[in-house]
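Peer 1: Quick one, run-v8.pdb (PDB, C-alpha atoms):
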MODEL        1
ATOM      1  CA  MET A  37      46.273 114.182 119.759  1.00  0.00           C
ATOM      2  CA  PRO A  38      45.557 116.029 123.056  1.00  0.00           C
ATOM      3  CA  LYS A  39      47.043 119.496 123.656  1.00  0.00           C
ATOM      4  CA  SER A  40      49.268 120.099 126.654  1.00  0.00           C
ATOM      5  CA  LYS A  41      48.194 122.744 129.167  1.00  0.00           C
ATOM      6  CA  GLY A  42      51.619 124.402 129.326  1.00  0.00           C
ATOM      7  CA  ARG A  43      53.132 126.198 132.260  1.00  0.00           C
ATOM      8  CA  LYS A  44      51.670 129.190 133.996  1.00  0.00           C
ATOM      9  CA  LYS A  45      53.745 132.340 133.688  1.00  0.00           C
ATOM     10  CA  ALA A  46      55.133 133.759 136.904  1.00  0.00           C
ATOM     11  CA  ASN A  47      54.273 137.297 137.919  1.00  0.00           C
ATOM     12  CA  ASN A  48      57.527 139.160 137.233  1.00  0.00           C
ATOM     13  CA  ARG A  49      56.368 142.541 138.417  1.00  0.00           C
ATOM     14  CA  PRO A  50      58.640 144.167 141.010  1.00  0.00           C
ATOM     15  CA  THR A  51      57.268 144.915 144.444  1.00  0.00           C
ATOM     16  CA  PRO A  52      56.426 148.581 144.973  1.00  0.00           C
ATOM     17  CA  PRO A  53      58.747 150.546 147.264  1.00  0.00           C
ATOM     18  CA  SER A  54      57.661 150.838 150.870  1.00  0.00           C
ATOM     19  CA  HIS A  55      58.684 154.501 151.159  1.00  0.00           C
ATOM     20  CA  LYS A  56      57.926 157.536 149.058  1.00  0.00           C
ATOM     21  CA  PRO A  57      60.774 158.629 146.794  1.00  0.00           C
ATOM     22  CA  THR A  58      62.532 161.769 147.937  1.00  0.00           C
ATOM     23  CA  ALA A  59      63.062 164.653 145.585  1.00  0.00           C
ATOM     24  CA  LEU A  60      66.580 164.889 144.173  1.00  0.00           C
ATOM     25  CA  LYS A  61      68.437 168.094 144.878  1.00  0.00           C
ATOM     26  CA  GLU A  62      69.088 170.025 141.732  1.00  0.00           C
ATOM     27  CA  LYS A  63      72.658 171.062 141.274  1.00  0.00           C
ATOM     28  CA  GLY A  64      73.362 174.505 139.976  1.00  0.00           C
ATOM     29  CA  PRO A  65      75.467 175.360 136.958  1.00  0.00           C
ATOM     30  CA  SER A  66      79.160 174.519 136.908  1.00  0.00           C
ATOM     31  CA  PRO A  67      81.476 177.126 138.411  1.00  0.00           C
ATOM     32  CA  LEU A  68      83.485 179.304 136.056  1.00  0.00           C
ATOM     33  CA  TRP A  69      86.824 177.843 137.156  1.00  0.00           C
ATOM     34  CA  TYR A  70      85.641 174.366 136.149  1.00  0.00           C
ATOM     35  CA  VAL A  71      84.757 175.474 132.636  1.00  0.00           C
ATOM     36  CA  ILE A  72      88.049 177.365 132.241  1.00  0.00           C
ATOM     37  CA  LEU A  73      90.050 174.371 133.482  1.00  0.00           C
ATOM     38  CA  MET A  74      88.149 171.961 131.219  1.00  0.00           C
ATOM     39  CA  PHE A  75      88.709 173.937 128.023  1.00  0.00           C
ATOM     40  CA  GLY A  76      92.196 175.002 129.152  1.00  0.00           C
ATOM     41  CA  LEU A  77      93.352 171.386 129.478  1.00  0.00           C
ATOM     42  CA  MET A  78      92.048 170.576 126.017  1.00  0.00           C
ATOM     43  CA  ALA A  79      93.704 173.666 124.513  1.00  0.00           C
ATOM     44  CA  VAL A  80      97.056 173.112 126.250  1.00  0.00           C
ATOM     45  CA  GLY A  81      97.041 169.471 125.168  1.00  0.00           C
ATOM     46  CA  LEU A  82      96.437 170.497 121.563  1.00  0.00           C
ATOM     47  CA  ILE A  83      99.179 173.128 121.711  1.00  0.00           C
ATOM     48  CA  ILE A  84     101.671 170.624 123.170  1.00  0.00           C
ATOM     49  CA  ILE A  85     100.910 168.145 120.372  1.00  0.00           C
ATOM     50  CA  LEU A  86     101.252 170.810 117.675  1.00  0.00           C
ATOM     51  CA  MET A  87     104.508 172.137 119.133  1.00  0.00           C
ATOM     52  CA  ASN A  88     105.830 168.570 119.329  1.00  0.00           C
ATOM     53  CA  TYR A  89     105.225 167.991 115.618  1.00  0.00           C
ATOM     54  CA  ILE A  90     106.690 171.352 114.650  1.00  0.00           C
ATOM     55  CA  GLY A  91     109.763 170.564 116.768  1.00  0.00           C
ATOM     56  CA  ILE A  92     109.705 173.667 118.986  1.00  0.00           C
ATOM     57  CA  LEU A  93     109.807 171.802 122.287  1.00  0.00           C
ATOM     58  CA  PRO A  94     113.211 170.963 123.778  1.00  0.00           C
ATOM     59  CA  GLY A  95     114.518 167.513 122.913  1.00  0.00           C
ATOM     60  CA  GLY A  96     112.933 167.446 119.468  1.00  0.00           C
ATOM     61  CA  THR A  97     109.901 165.310 118.748  1.00  0.00           C
ATOM     62  CA  SER A  98     109.203 162.887 121.558  1.00  0.00           C
ATOM     63  CA  ASN A  99     106.456 160.428 122.394  1.00  0.00           C
ATOM     64  CA  THR A 100     106.409 161.815 125.931  1.00  0.00           C
ATOM     65  CA  TYR A 101     105.096 165.156 124.663  1.00  0.00           C
ATOM     66  CA  LEU A 102     102.508 163.356 122.550  1.00  0.00           C
ATOM     67  CA  ILE A 103     101.269 161.293 125.499  1.00  0.00           C
ATOM     68  CA  THR A 104     101.192 164.389 127.725  1.00  0.00           C
ATOM     69  CA  GLY A 105      99.125 166.291 125.166  1.00  0.00           C
ATOM     70  CA  LEU A 106      96.722 163.414 124.665  1.00  0.00           C
ATOM     71  CA  ALA A 107      96.356 163.018 128.444  1.00  0.00           C
ATOM     72  CA  GLY A 108      95.460 166.716 128.773  1.00  0.00           C
ATOM     73  CA  ILE A 109      92.867 166.429 126.023  1.00  0.00           C
ATOM     74  CA  GLY A 110      91.481 163.217 127.540  1.00  0.00           C
ATOM     75  CA  ILE A 111      91.168 164.708 131.014  1.00  0.00           C
ATOM     76  CA  GLY A 112      89.440 167.760 129.536  1.00  0.00           C
ATOM     77  CA  PHE A 113      86.937 165.580 127.707  1.00  0.00           C
ATOM     78  CA  ALA A 114      86.391 163.470 130.827  1.00  0.00           C
ATOM     79  CA  MET A 115      85.547 166.676 132.707  1.00  0.00           C
ATOM     80  CA  THR A 116      82.730 167.364 130.232  1.00  0.00           C
ATOM     81  CA  MET A 117      80.741 164.511 131.776  1.00  0.00           C
ATOM     82  CA  ASN A 118      80.323 166.524 134.999  1.00  0.00           C
ATOM     83  CA  TYR A 119      79.627 169.824 133.208  1.00  0.00           C
ATOM     84  CA  ARG A 120      76.219 171.301 133.977  1.00  0.00           C
TER      85      ARG A 120
ENDMDL
END
Show me, as structure tokens, the structure contained in the file I just sent.
Peer 2:
Amino acid sequence: MPKSKGRKKANNRPTPPSHKPTALKEKGPSPLWYVILMFGLMAVGLIIILMNYIGILPGGTSNTYLITGLAGIGIGFAMTMNYR
């Protein structure tokens, strides 16, 4: 039985860029206020959650305090992605 020739493979290599790549500007370290705010939000969120469970906050235990604390912690962790 004769063998089939098969298809030729296409050249899938990308075309080279027409311009030279420019050097990226290096960003310096994060400012001190950014670091303080980042860790401060996480700490305040943790304190709000702990005070909610202990029952120190006005109104007793409430889901609003829990959501507020978790939002503070979440925003603090989201800020770590831009930390340099």
Peer 1: Taking the file as shown, find all residues satisfying the PyMOL selection byres ((chain A and resi 101) around 12) and write them as a list in words.
Peer 2: Val80, Gly81, Leu82, Ile83, Ile84, Ile85, Leu86, Met87, Asn88, Tyr89, Ile90, Gly91, Ile92, Leu93, Pro94, Gly95, Gly96, Thr97, Ser98, Asn99, Thr100, Leu102, Ile103, Thr104, Gly105, Leu106, Ala107 and Gly108 of chain A
Peer 1: For a test of reading the model, state the distance in Å between CA of Pro57 in chain A and CA of Met117 in chain A, rounded to one decimal.
Peer 2: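 It comes out at 25.7 Å.
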Peer 1: Name the residues captured by the PyMOL selection byres ((chain A and resi 65) around 8) when it is applied to the shown file; answer as a ChimeraX atom specification.
Peer 2: /A:63-64,66-67,119-120
Peer 1: One number please: CA of Thr116 in chain A to CA of Val71 in chain A, in Å, one decimal.
Peer 2: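 Distance reported for this atom pair: 8.7 Å.
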Peer 1: From the options A:Lys39, A:Lys61, A:Ser54, A:Tyr70, which residue's atoms come nearest to Asn118 in chain A, counting only C-alpha atoms?
Peer 2: A:Tyr70
Peer 1: Would you work out the distance separating CA of Gly110 in chain A from CA of Met74 in chain A, expressed in Å to one decimal?
Peer 2: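 For CA of Gly110 in chain A relative to CA of Met74 in chain A, the distance reads 10.1 Å.
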Peer 1: Step by step, gather every atom of range 39-49 of chain A that the file lists, find the box along x, y and z that holds them, add 4 Å on each side, and finally give centre and edge lengths in Å to one decimal, as lines of an AutoDock Vina configuration file.
Peer 2:
center_x = 52.3
center_y = 131.0
center_z = 131.0
size_x = 18.5
size_y = 31.0
size_z = 22.8
